[in-house]
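**Q** Hey, dropping coords_16.cif in here, mmCIF, C-alpha atoms and all ligand atoms:
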```cif
data_start
#
loop_
_atom_site.group_PDB
_atom_site.id
_atom_site.type_symbol
_atom_site.label_atom_id
_atom_site.label_comp_id
_atom_site.auth_asym_id
_atom_site.auth_seq_id
_atom_site.Cartn_x
_atom_site.Cartn_y
_atom_site.Cartn_z
ATOM 1 C CA MET A 57 20.644 -19.140 -2.922
ATOM 2 C CA ARG A 58 21.670 -17.995 0.556
ATOM 3 C CA LYS A 59 18.991 -15.836 2.279
ATOM 4 C CA SER A 60 21.476 -12.959 2.850
ATOM 5 C CA ALA A 61 22.367 -12.872 -0.860
ATOM 6 C CA MET A 62 18.655 -12.626 -1.724
ATOM 7 C CA LYS A 63 17.849 -9.619 0.459
ATOM 8 C CA ASN A 64 16.454 -6.613 -1.442
ATOM 9 C CA THR A 65 15.680 -8.608 -4.583
ATOM 10 C CA VAL A 66 12.258 -9.116 -6.196
ATOM 11 C CA ASP A 67 12.613 -12.822 -5.278
ATOM 12 C CA ALA A 68 12.995 -11.888 -1.608
ATOM 13 C CA VAL A 69 9.953 -9.596 -1.875
ATOM 14 C CA ARG A 70 7.905 -12.423 -3.447
ATOM 15 C CA ASP A 71 9.039 -14.915 -0.759
ATOM 16 C CA PHE A 72 8.042 -12.559 2.054
ATOM 17 C CA TRP A 73 4.545 -11.784 0.716
ATOM 18 C CA ASP A 74 4.015 -15.450 -0.185
ATOM 19 C CA ALA A 75 4.735 -16.410 3.420
ATOM 20 C CA ARG A 76 2.700 -13.489 4.779
ATOM 21 C CA PRO A 77 0.028 -12.080 2.434
ATOM 22 C CA LEU A 78 -1.276 -8.749 3.734
ATOM 23 C CA LEU A 79 -3.005 -9.008 7.161
ATOM 24 C CA VAL A 80 -2.420 -12.774 7.455
ATOM 25 C CA GLY A 81 -1.327 -13.210 11.078
ATOM 26 C CA GLU A 82 -3.333 -10.162 12.185
ATOM 27 C CA ILE A 83 -6.925 -11.203 11.522
ATOM 28 C CA GLU A 84 -8.315 -13.884 13.848
ATOM 29 C CA GLN A 85 -10.861 -15.417 11.443
ATOM 30 C CA PRO A 86 -9.732 -18.382 9.259
ATOM 31 C CA VAL A 87 -7.784 -17.066 6.251
ATOM 32 C CA GLY A 88 -9.724 -16.996 2.980
ATOM 33 C CA THR A 89 -13.206 -17.190 4.528
ATOM 34 C CA ARG A 90 -15.860 -14.524 3.950
ATOM 35 C CA ALA A 91 -15.425 -13.479 7.612
ATOM 36 C CA TRP A 92 -11.678 -12.994 7.006
ATOM 37 C CA PHE A 93 -12.241 -10.819 3.902
ATOM 38 C CA GLU A 94 -14.885 -8.778 5.752
ATOM 39 C CA GLU A 95 -12.478 -8.082 8.599
ATOM 40 C CA PHE A 96 -9.735 -7.280 6.047
ATOM 41 C CA ASP A 97 -11.989 -4.696 4.393
ATOM 42 C CA ARG A 98 -13.038 -3.234 7.732
ATOM 43 C CA ILE A 99 -9.419 -2.762 8.842
ATOM 44 C CA LYS A 100 -8.353 -1.188 5.533
ATOM 45 C CA THR A 101 -11.367 1.079 5.178
ATOM 46 C CA ASN A 102 -11.673 2.173 8.810
ATOM 47 C CA ASP A 103 -8.101 2.173 10.066
ATOM 48 C CA GLY A 104 -6.295 2.872 6.796
ATOM 49 C CA PHE A 105 -8.611 5.384 5.123
ATOM 50 C CA CYS A 106 -10.721 6.565 8.103
ATOM 51 C CA GLY A 107 -13.798 5.517 6.127
ATOM 52 C CA ASP A 108 -13.098 7.950 3.272
ATOM 53 C CA LEU A 109 -12.137 6.483 -0.124
ATOM 54 C CA THR A 110 -13.075 9.483 -2.264
ATOM 55 C CA GLY A 111 -9.488 10.218 -3.324
ATOM 56 C CA TRP A 112 -8.996 6.645 -4.499
ATOM 57 C CA VAL A 113 -12.031 5.869 -6.621
ATOM 58 C CA PRO A 114 -12.232 7.651 -9.993
ATOM 59 C CA LEU A 115 -15.295 9.883 -10.214
ATOM 60 C CA ASP A 116 -15.975 8.825 -13.806
ATOM 61 C CA ALA A 117 -15.264 5.094 -13.331
ATOM 62 C CA ASP A 118 -17.918 3.905 -15.802
ATOM 63 C CA ASN A 119 -16.500 1.515 -18.412
ATOM 64 C CA LYS A 120 -12.954 2.379 -17.403
ATOM 65 C CA ARG A 121 -10.145 -0.180 -17.699
ATOM 66 C CA ILE A 122 -8.454 -0.316 -14.307
ATOM 67 C CA LEU A 123 -5.145 -1.861 -13.224
ATOM 68 C CA ASP A 124 -4.759 -2.752 -9.540
ATOM 69 C CA LEU A 125 -0.974 -2.892 -9.215
ATOM 70 C CA GLY A 126 0.062 -5.137 -6.306
ATOM 71 C CA CYS A 127 -3.547 -6.161 -5.744
ATOM 72 C CA GLY A 128 -2.985 -8.036 -2.458
ATOM 73 C CA PRO A 129 -5.931 -10.175 -1.259
ATOM 74 C CA GLY A 130 -8.424 -8.357 -3.498
ATOM 75 C CA TYR A 131 -9.552 -5.290 -1.519
ATOM 76 C CA TRP A 132 -9.800 -3.047 -4.607
ATOM 77 C CA ASN A 133 -11.427 -5.827 -6.627
ATOM 78 C CA ARG A 134 -14.168 -6.067 -3.996
ATOM 79 C CA LEU A 135 -14.509 -2.281 -4.018
ATOM 80 C CA PHE A 136 -14.409 -1.738 -7.787
ATOM 81 C CA GLY A 137 -16.579 -4.852 -8.300
ATOM 82 C CA LYS A 138 -19.537 -2.631 -7.337
ATOM 83 C CA LEU A 139 -18.763 -0.274 -10.246
ATOM 84 C CA ASN A 140 -19.088 -0.801 -13.965
ATOM 85 C CA VAL A 141 -15.342 -1.185 -14.710
ATOM 86 C CA GLU A 142 -12.988 -3.598 -16.490
ATOM 87 C CA TYR A 143 -10.749 -4.765 -13.638
ATOM 88 C CA TYR A 144 -7.231 -6.252 -13.878
ATOM 89 C CA GLY A 145 -5.141 -7.077 -10.814
ATOM 90 C CA ILE A 146 -1.536 -8.234 -10.617
ATOM 91 C CA ASP A 147 0.635 -9.154 -7.654
ATOM 92 C CA ILE A 148 4.169 -10.542 -7.350
ATOM 93 C CA SER A 149 3.083 -13.175 -4.788
ATOM 94 C CA PRO A 150 1.333 -16.306 -6.129
ATOM 95 C CA LYS A 151 -0.114 -17.098 -2.657
ATOM 96 C CA THR A 152 -1.584 -13.597 -2.501
ATOM 97 C CA VAL A 153 -3.056 -14.018 -5.984
ATOM 98 C CA GLU A 154 -4.651 -17.303 -4.809
ATOM 99 C CA LEU A 155 -6.348 -15.368 -1.984
ATOM 100 C CA ALA A 156 -7.533 -12.650 -4.381
ATOM 101 C CA GLU A 157 -8.935 -15.323 -6.713
ATOM 102 C CA LEU A 158 -10.685 -16.991 -3.777
ATOM 103 C CA SER A 159 -12.300 -13.649 -2.941
ATOM 104 C CA GLN A 160 -13.396 -13.293 -6.587
ATOM 105 C CA GLN A 161 -15.130 -16.689 -6.432
ATOM 106 C CA LEU A 162 -16.682 -16.030 -3.008
ATOM 107 C CA TYR A 163 -18.100 -12.651 -4.014
ATOM 108 C CA GLY A 164 -18.738 -13.477 -7.697
ATOM 109 C CA LEU A 165 -16.583 -10.563 -8.841
ATOM 110 C CA PRO A 166 -15.641 -9.764 -12.451
ATOM 111 C CA GLY A 167 -12.059 -9.096 -13.581
ATOM 112 C CA GLN A 168 -8.749 -10.801 -14.280
ATOM 113 C CA ILE A 169 -6.123 -11.445 -11.613
ATOM 114 C CA ALA A 170 -2.628 -12.801 -12.299
ATOM 115 C CA VAL A 171 0.897 -13.009 -10.939
ATOM 116 C CA GLY A 172 2.905 -10.074 -12.262
ATOM 117 C CA ASN A 173 5.706 -7.660 -11.431
ATOM 118 C CA ALA A 174 5.016 -3.923 -11.027
ATOM 119 C CA GLU A 175 8.564 -3.212 -12.224
ATOM 120 C CA GLN A 176 7.777 -4.821 -15.617
ATOM 121 C CA ILE A 177 4.051 -4.666 -16.215
ATOM 122 C CA ASP A 178 2.995 -7.288 -18.729
ATOM 123 C CA PHE A 179 0.479 -5.127 -20.616
ATOM 124 C CA PRO A 180 0.824 -2.998 -23.787
ATOM 125 C CA ASP A 181 1.487 0.765 -23.795
ATOM 126 C CA GLU A 182 -1.517 3.031 -23.141
ATOM 127 C CA TYR A 183 -3.787 0.120 -22.112
ATOM 128 C CA PHE A 184 -5.351 1.425 -18.878
ATOM 129 C CA ASP A 185 -7.508 4.447 -18.009
ATOM 130 C CA TYR A 186 -6.706 4.239 -14.310
ATOM 131 C CA VAL A 187 -4.091 2.611 -12.074
ATOM 132 C CA VAL A 188 -4.551 2.097 -8.347
ATOM 133 C CA SER A 189 -1.578 0.937 -6.290
ATOM 134 C CA GLU A 190 -1.806 1.177 -2.527
ATOM 135 C CA GLY A 191 1.206 0.349 -0.391
ATOM 136 C CA VAL A 192 3.133 -1.536 -3.076
ATOM 137 C CA ILE A 193 5.883 0.293 -4.942
ATOM 138 C CA HIS A 194 7.818 1.246 -1.787
ATOM 139 C CA HIS A 195 8.231 -2.492 -1.041
ATOM 140 C CA THR A 196 10.070 -3.414 -4.255
ATOM 141 C CA PRO A 197 13.690 -2.674 -5.284
ATOM 142 C CA ASN A 198 13.008 -0.533 -8.377
ATOM 143 C CA THR A 199 10.341 1.969 -7.283
ATOM 144 C CA GLN A 200 11.182 4.416 -10.082
ATOM 145 C CA GLY A 201 10.830 1.536 -12.563
ATOM 146 C CA CYS A 202 7.271 0.955 -11.293
ATOM 147 C CA ILE A 203 6.391 4.650 -11.759
ATOM 148 C CA ASP A 204 7.795 4.608 -15.302
ATOM 149 C CA GLU A 205 5.745 1.489 -16.028
ATOM 150 C CA ILE A 206 2.559 3.108 -14.645
ATOM 151 C CA TYR A 207 3.203 6.051 -16.983
ATOM 152 C CA ARG A 208 3.738 3.690 -19.947
ATOM 153 C CA VAL A 209 0.543 1.632 -19.479
ATOM 154 C CA LEU A 210 -1.721 4.664 -18.909
ATOM 155 C CA VAL A 211 -3.592 6.213 -21.825
ATOM 156 C CA GLN A 212 -2.900 9.903 -22.496
ATOM 157 C CA GLY A 213 -4.987 11.759 -19.916
ATOM 158 C CA GLY A 214 -5.246 8.602 -17.745
ATOM 159 C CA ARG A 215 -4.983 8.900 -13.977
ATOM 160 C CA ALA A 216 -3.351 6.969 -11.156
ATOM 161 C CA ALA A 217 -3.736 6.856 -7.359
ATOM 162 C CA ILE A 218 -0.584 5.585 -5.678
ATOM 163 C CA GLY A 219 0.010 5.234 -1.939
ATOM 164 C CA VAL A 220 3.539 5.168 -0.494
ATOM 165 C CA TYR A 221 5.160 5.770 2.890
ATOM 166 C CA TYR A 222 5.665 9.461 3.608
ATOM 167 C CA ARG A 223 8.965 10.737 5.043
ATOM 168 C CA ASN A 224 7.303 13.033 7.592
ATOM 169 C CA PHE A 225 9.051 15.547 9.858
ATOM 170 C CA ILE A 226 9.716 12.837 12.454
ATOM 171 C CA PHE A 227 11.409 10.600 9.901
ATOM 172 C CA ARG A 228 13.383 13.580 8.577
ATOM 173 C CA SER A 229 14.864 14.426 11.983
ATOM 174 C CA PRO A 230 17.167 11.780 13.536
ATOM 175 C CA PHE A 231 16.623 13.477 16.937
ATOM 176 C CA LEU A 232 12.803 13.382 16.750
ATOM 177 C CA PHE A 233 12.884 9.853 15.347
ATOM 178 C CA ARG A 234 14.880 8.621 18.359
ATOM 179 C CA GLN A 235 12.570 10.499 20.786
ATOM 180 C CA VAL A 236 9.379 9.048 19.247
ATOM 181 C CA LEU A 237 10.772 5.510 19.288
ATOM 182 C CA GLY A 238 11.875 6.033 22.900
ATOM 183 C CA ALA A 239 8.322 7.139 23.792
ATOM 184 C CA MET A 240 6.877 4.109 21.982
ATOM 185 C CA ARG A 241 9.155 1.803 24.011
ATOM 186 C CA PHE A 242 8.274 3.586 27.258
ATOM 187 C CA LEU A 243 4.502 3.458 26.596
ATOM 188 C CA LYS A 244 4.798 -0.073 25.163
ATOM 189 C CA VAL A 245 3.059 1.056 21.949
ATOM 190 C CA THR A 246 3.567 -1.559 19.270
ATOM 191 C CA MET A 247 1.849 -3.335 16.406
ATOM 192 C CA LYS A 248 0.994 -6.957 17.069
ATOM 193 C CA GLY A 249 1.605 -10.001 14.869
ATOM 194 C CA ARG A 250 4.014 -10.577 11.983
ATOM 195 C CA GLY A 251 6.975 -10.099 14.365
ATOM 196 C CA ARG A 252 6.354 -6.341 14.677
ATOM 197 C CA GLU A 253 6.812 -6.173 18.418
ATOM 198 C CA ARG A 254 10.325 -4.808 17.803
ATOM 199 C CA MET A 255 9.278 -1.875 15.605
ATOM 200 C CA ALA A 256 10.142 0.594 18.369
ATOM 201 C CA TRP A 257 13.740 -0.634 18.145
ATOM 202 C CA ALA A 258 14.070 0.263 14.434
ATOM 203 C CA ASP A 259 17.441 1.779 13.445
ATOM 204 C CA THR A 260 16.210 4.046 10.642
ATOM 205 C CA PRO A 261 12.912 5.284 9.139
ATOM 206 C CA GLU A 262 13.393 2.697 6.348
ATOM 207 C CA ASP A 263 13.734 -0.016 8.973
ATOM 208 C CA PHE A 264 10.565 1.263 10.719
ATOM 209 C CA VAL A 265 8.363 1.324 7.603
ATOM 210 C CA ARG A 266 9.847 -1.988 6.417
ATOM 211 C CA MET A 267 8.657 -3.585 9.675
ATOM 212 C CA PHE A 268 5.187 -2.022 9.422
ATOM 213 C CA ASP A 269 4.114 -5.081 7.376
ATOM 214 C CA GLY A 270 6.316 -7.568 9.240
ATOM 215 C CA ALA A 271 9.771 -7.957 10.747
ATOM 216 C CA ASP A 272 10.956 -10.111 7.812
ATOM 217 C CA ASN A 273 9.730 -7.706 5.134
ATOM 218 C CA PRO A 274 12.880 -7.128 3.030
ATOM 219 C CA ILE A 275 12.144 -3.597 1.750
ATOM 220 C CA GLY A 276 10.440 -0.424 2.962
ATOM 221 C CA LYS A 277 11.077 3.130 1.716
ATOM 222 C CA ALA A 278 9.595 6.499 2.677
ATOM 223 C CA TYR A 279 9.633 9.580 0.431
ATOM 224 C CA THR A 280 9.431 13.358 0.815
ATOM 225 C CA ILE A 281 7.188 15.465 -1.431
ATOM 226 C CA VAL A 282 10.296 16.862 -3.150
ATOM 227 C CA GLN A 283 11.448 13.337 -3.992
ATOM 228 C CA LEU A 284 7.963 12.336 -5.184
ATOM 229 C CA ARG A 285 7.674 15.397 -7.449
ATOM 230 C CA GLN A 286 10.963 14.370 -9.062
ATOM 231 C CA MET A 287 9.973 10.709 -9.401
ATOM 232 C CA PHE A 288 6.580 11.556 -10.994
ATOM 233 C CA ARG A 289 7.929 14.495 -13.075
ATOM 234 C CA HIS A 290 6.683 13.103 -16.426
ATOM 235 C CA PHE A 291 3.038 13.312 -15.351
ATOM 236 C CA SER A 292 1.146 16.501 -16.234
ATOM 237 C CA GLU A 293 -0.681 16.864 -12.875
ATOM 238 C CA ILE A 294 0.255 15.806 -9.368
ATOM 239 C CA ARG A 295 -1.612 16.160 -6.048
ATOM 240 C CA PHE A 296 -0.874 14.824 -2.592
ATOM 241 C CA ALA A 297 -2.931 13.794 0.453
ATOM 242 C CA ARG A 298 -1.620 12.322 3.688
ATOM 243 C CA TYR A 299 -3.408 9.317 5.182
ATOM 244 C CA CYS A 300 -3.091 6.216 7.410
ATOM 245 C CA LEU A 301 -2.243 6.585 11.058
ATOM 246 C CA PRO A 302 -3.005 3.413 13.046
ATOM 247 C CA LEU A 303 -4.419 5.378 15.982
ATOM 248 C CA ARG A 304 -7.095 2.756 16.599
ATOM 249 C CA MET A 305 -4.345 0.511 17.977
ATOM 250 C CA VAL A 306 -4.158 2.928 20.888
ATOM 251 C CA LYS A 307 -7.781 4.155 21.081
ATOM 252 C CA ASP A 308 -10.302 2.061 19.166
ATOM 253 C CA ASN A 309 -13.321 4.363 19.601
ATOM 254 C CA ILE A 310 -11.762 7.505 18.096
ATOM 255 C CA PRO A 311 -14.403 9.140 15.826
ATOM 256 C CA ASN A 312 -13.792 8.955 12.064
ATOM 257 C CA CYS A 313 -13.719 12.741 11.543
ATOM 258 C CA LEU A 314 -11.060 13.253 14.252
ATOM 259 C CA HIS A 315 -9.050 10.247 13.060
ATOM 260 C CA LYS A 316 -9.157 11.594 9.507
ATOM 261 C CA LEU A 317 -8.098 15.087 10.584
ATOM 262 C CA ILE A 318 -5.081 13.760 12.513
ATOM 263 C CA ALA A 319 -4.141 11.301 9.721
ATOM 264 C CA SER A 320 -4.327 14.096 7.115
ATOM 265 C CA ARG A 321 -1.669 16.016 9.118
ATOM 266 C CA PHE A 322 0.458 13.215 10.559
ATOM 267 C CA GLY A 323 -0.316 10.189 8.358
ATOM 268 C CA LEU A 324 2.406 7.624 7.729
ATOM 269 C CA MET A 325 1.434 7.400 4.083
ATOM 270 C CA ILE A 326 0.802 9.739 1.212
ATOM 271 C CA LEU A 327 -1.615 9.393 -1.682
ATOM 272 C CA VAL A 328 -0.036 10.605 -4.923
ATOM 273 C CA LYS A 329 -2.715 11.431 -7.505
ATOM 274 C CA VAL A 330 -1.371 11.926 -10.996
ATOM 275 C CA LYS A 331 -2.604 12.504 -14.532
ATOM 276 C CA LYS A 332 -0.593 11.510 -17.622
HETATM 277 C C1 LIG B 1 0.928 -3.787 1.667
HETATM 278 S S1 LIG B 1 0.369 -4.939 0.464
HETATM 279 C C2 LIG B 1 -0.879 -3.960 -0.371
HETATM 280 C C3 LIG B 1 -1.887 -4.816 -1.110
HETATM 281 C C4 LIG B 1 -3.009 -4.057 -1.811
HETATM 282 N N1 LIG B 1 -2.506 -3.032 -2.698
HETATM 283 C C5 LIG B 1 -4.017 -3.460 -0.859
HETATM 284 O O1 LIG B 1 -4.227 -2.232 -0.923
HETATM 285 O O2 LIG B 1 -4.645 -4.206 -0.081
HETATM 286 C C6 LIG B 1 1.695 -4.937 -0.722
HETATM 287 C C7 LIG B 1 1.467 -5.889 -1.886
HETATM 288 O O3 LIG B 1 2.395 -5.547 -2.922
HETATM 289 C C8 LIG B 1 2.833 -6.719 -3.547
HETATM 290 N N2 LIG B 1 4.101 -6.411 -4.241
HETATM 291 C C9 LIG B 1 5.283 -6.053 -3.696
HETATM 292 N N3 LIG B 1 6.199 -5.853 -4.675
HETATM 293 C C10 LIG B 1 5.572 -6.079 -5.854
HETATM 294 C C11 LIG B 1 5.979 -6.036 -7.216
HETATM 295 N N4 LIG B 1 7.230 -5.737 -7.577
HETATM 296 N N5 LIG B 1 5.064 -6.315 -8.168
HETATM 297 C C12 LIG B 1 3.780 -6.644 -7.835
HETATM 298 N N6 LIG B 1 3.349 -6.725 -6.569
HETATM 299 C C13 LIG B 1 4.230 -6.433 -5.582
HETATM 300 C C14 LIG B 1 2.932 -7.718 -2.404
HETATM 301 O O4 LIG B 1 2.936 -9.043 -2.834
HETATM 302 C C15 LIG B 1 1.720 -7.359 -1.554
HETATM 303 O O5 LIG B 1 0.583 -8.129 -1.904
#
```
What is this file in structure tokens?

**A**
Amino acid sequence: MRKSAMKNTVDAVRDFWDARPLLVGEIEQPVGTRAWFEEFDRIKTNDGFCGDLTGWVPLDADNKRILDLGCGPGYWNRLFGKLNVEYYGIDISPKTVELAELSQQLYGLPGQIAVGNAEQIDFPDEYFDYVVSEGVIHHTPNTQGCIDEIYRVLVQGGRAAIGVYYRNFIFRSPFLFRQVLGAMRFLKVTMKGRGRERMAWADTPEDFVRMFDGADNPIGKAYTIVQLRQMFRHFSEIRFARYCLPLRMVKDNIPNCLHKLIASRFGLMILVKVKK
């Protein structure tokens, strides 16, 4: 099939992440080594979550059956591996699943990891107590389908923590968006690797968040709180928390508490915490 005809399909999404599993091309250490996974975890924990994972890990995790939807190279498996949980991870990209399995062997982690599509989760209804999905469902064509599937596989009263790009006030204003990108070009602020040097030339907010994980990434979407409330309307509880601002690209010694404060106001992503 021609590449242009494949754009915005699940096949195109799989091809992109197969060619570039998360953080491959950004971390210097050899891919798949313990040093690579350690640097992966440091970047995600420090830069992504400012060292604070409290909103993501269930307080009563004991014996819970957890689905890691779009598991990537195994970050949540390494994290939840320290808890007494039944872990399942799926990802659309076979190469990414290979990396996650490698991490499982290296660290001796429990749990099952397999290739799978978040839009059609291959598990029975009401199978999981908890679903974690960070930075996944905004990269696939049918985001609403993923949310409906999360609802289906959760037990009644089950919870989910889902991270997506947030359509902040800059993304909502074409004027501000152009000004911020102009400032980024002027100050030469850019993300390195994965062809992201041209992020400051993005045409739209979708184009900008699409490129956040690589210039060839086929899909990126950003949502407002109003849109998210509508998309998650079948859940009985919903809470939001902003996070992730890659400030350490500009100033690497910014203290965690300040980084967290700024990210909680201006973060590029939003944690959606829901209960079925
Ligand atoms: C930004 S990475 C996040 C990985 C992981 N959640 C983490 O926190 O490290 C996005 C991941 O979502 C996966 N993905 C994208 N669309 C998917 C889909 N429809 N079903 C399952 N996985 C998908 C990609 O293969 C990629 O590994």

**Q** Select, from A:Arg208, A:Arg90, A:Arg76, A:His195, the residue with the minimum atom-to-atom distance to ligand LIG 1 (chain B), counting all atoms listed in the file.

**A**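 Closest residue, counting all atoms listed in the file: A:His195.
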
**Q** Starting from the PyMOL selection byres (((chain A and resi 276) around 6) and not hetatm), expand the selection into actual residues of this file and give them as a list in words.

**A**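 When the PyMOL selection byres (((chain A and resi 276) around 6) and not hetatm) is applied, the selected residues are His194, His195, Glu262, Val265, Arg266, Ile275 and Lys277 of chain A.
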
**Q** Evaluated on this file, the PyMOL selection byres (((not hetatm)) within 9 of (chain B and resi 1)) picks out some residues - which ones are they, written as a ChimeraX atom specification?

**A** /A:66,69-74,76-79,96-97,100,124-132,146-153,171-177,188-199,202,219,269

**Q** Spell out the residues picked by the PyMOL selection byres (((chain A and resi 280-286) around 8) and not hetatm) here, as a ChimeraX atom specification.

**A** /A:222-224,278-279,287-289,294

**Q** Select, from A:Ile218, A:Leu324, A:Leu301, A:Leu162, the residue with the minimum atom-to-atom distance to Glu94 (chain A), counting only C-alpha atoms.

**A** A:Leu162

**Q** Please list as a PyMOL selection string every residue within 12 Å of Pro180 (chain A), counting only C-alpha atoms and excluding residues in the same chain fewer than 2 positions away.

**A** chain A and resi 176-178+182-184+205-211

**Q** Skip Ser320 (chain A) itself and residues of its chain fewer than 5 positions away, then list as a list in words all residues within 12 Å of it, counting all atoms listed in the file.

**A**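 In the requested format, the answer is Gly104, Phe105, Cys106, Asp108, Tyr222, Asn224, Phe296, Ala297, Arg298, Tyr299, Cys300, Leu301, Asn312, Cys313, Leu314, His315, Met325, Ile326 and Leu327 of chain A.
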
**Q** In Å, rounded to a single decimal, give me how far CA of Val245 (chain A) is from CA of Trp257 (chain A).

**A** 11.5 Å

**Q** In Å, rounded to a single decimal, give me how far CA of Glu84 (chain A) is from CA of Ala156 (chain A).

**A**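 Value for the CA of Ala156 (chain A)-CA of Glu84 (chain A) distance: 18.3 Å.
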
**Q** Which residue out of A:Gly251, A:Gly145, A:Gly81, A:Gly137 has the minimum interatomic distance to Asn273 (chain A) when all atoms listed in the file are used?

**A**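 For Asn273 (chain A), the nearest of the candidates is A:Gly251.
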
**Q** I'd like the neighbourhood of Phe225 (chain A) as a list in words, where a residue qualifies if any of its atoms comes within 10 Å (using all atoms listed in the file), though same-chain residues fewer than 4 positions away should be ignored.

**A**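 Counting all atoms listed in the file, the residues come to Ser229, Pro230, Leu232, Phe233, Thr280 and Phe322 of chain A.
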
**Q** Report, in Å with one decimal, the straight-line distance from CA of Gly270 (chain A) to CA of Ala258 (chain A).

**A** 12.2 Å

**Q** When you count all atoms listed in the file, which of these residues is closest to Ile83 (chain A): A:Trp112, A:Arg321, A:Arg250, A:Lys316?

**A**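 That would be A:Arg250, the residue with the smallest distance to Ile83 (chain A).
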
**Q** Hey, which of A:Gln200, A:Ser159, A:Gln212, A:Gln85 ends up closest to Lys332 (chain A)? Count only C-alpha atoms.

**A**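 Closest residue, counting only C-alpha atoms: A:Gln212.
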
**Q** So which residues touch Met255 (chain A) within 9 Å, counting all atoms listed in the file, skipping near sequence neighbours fewer than 6 positions away, as a list in words?

**A**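 Everything that qualifies: Leu237, Thr246, Met247, Asp263, Phe264, Val265, Met267, Phe268 and Ala271 of chain A.
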
**Q** Restricting the calculation to all atoms listed in the file: of A:Gly213, A:Gly107, A:Gly249, A:Pro261, which residue gets closest to Phe231 (chain A)?

**A**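 Residue with the minimum atom-to-atom distance to Phe231 (chain A): A:Pro261.
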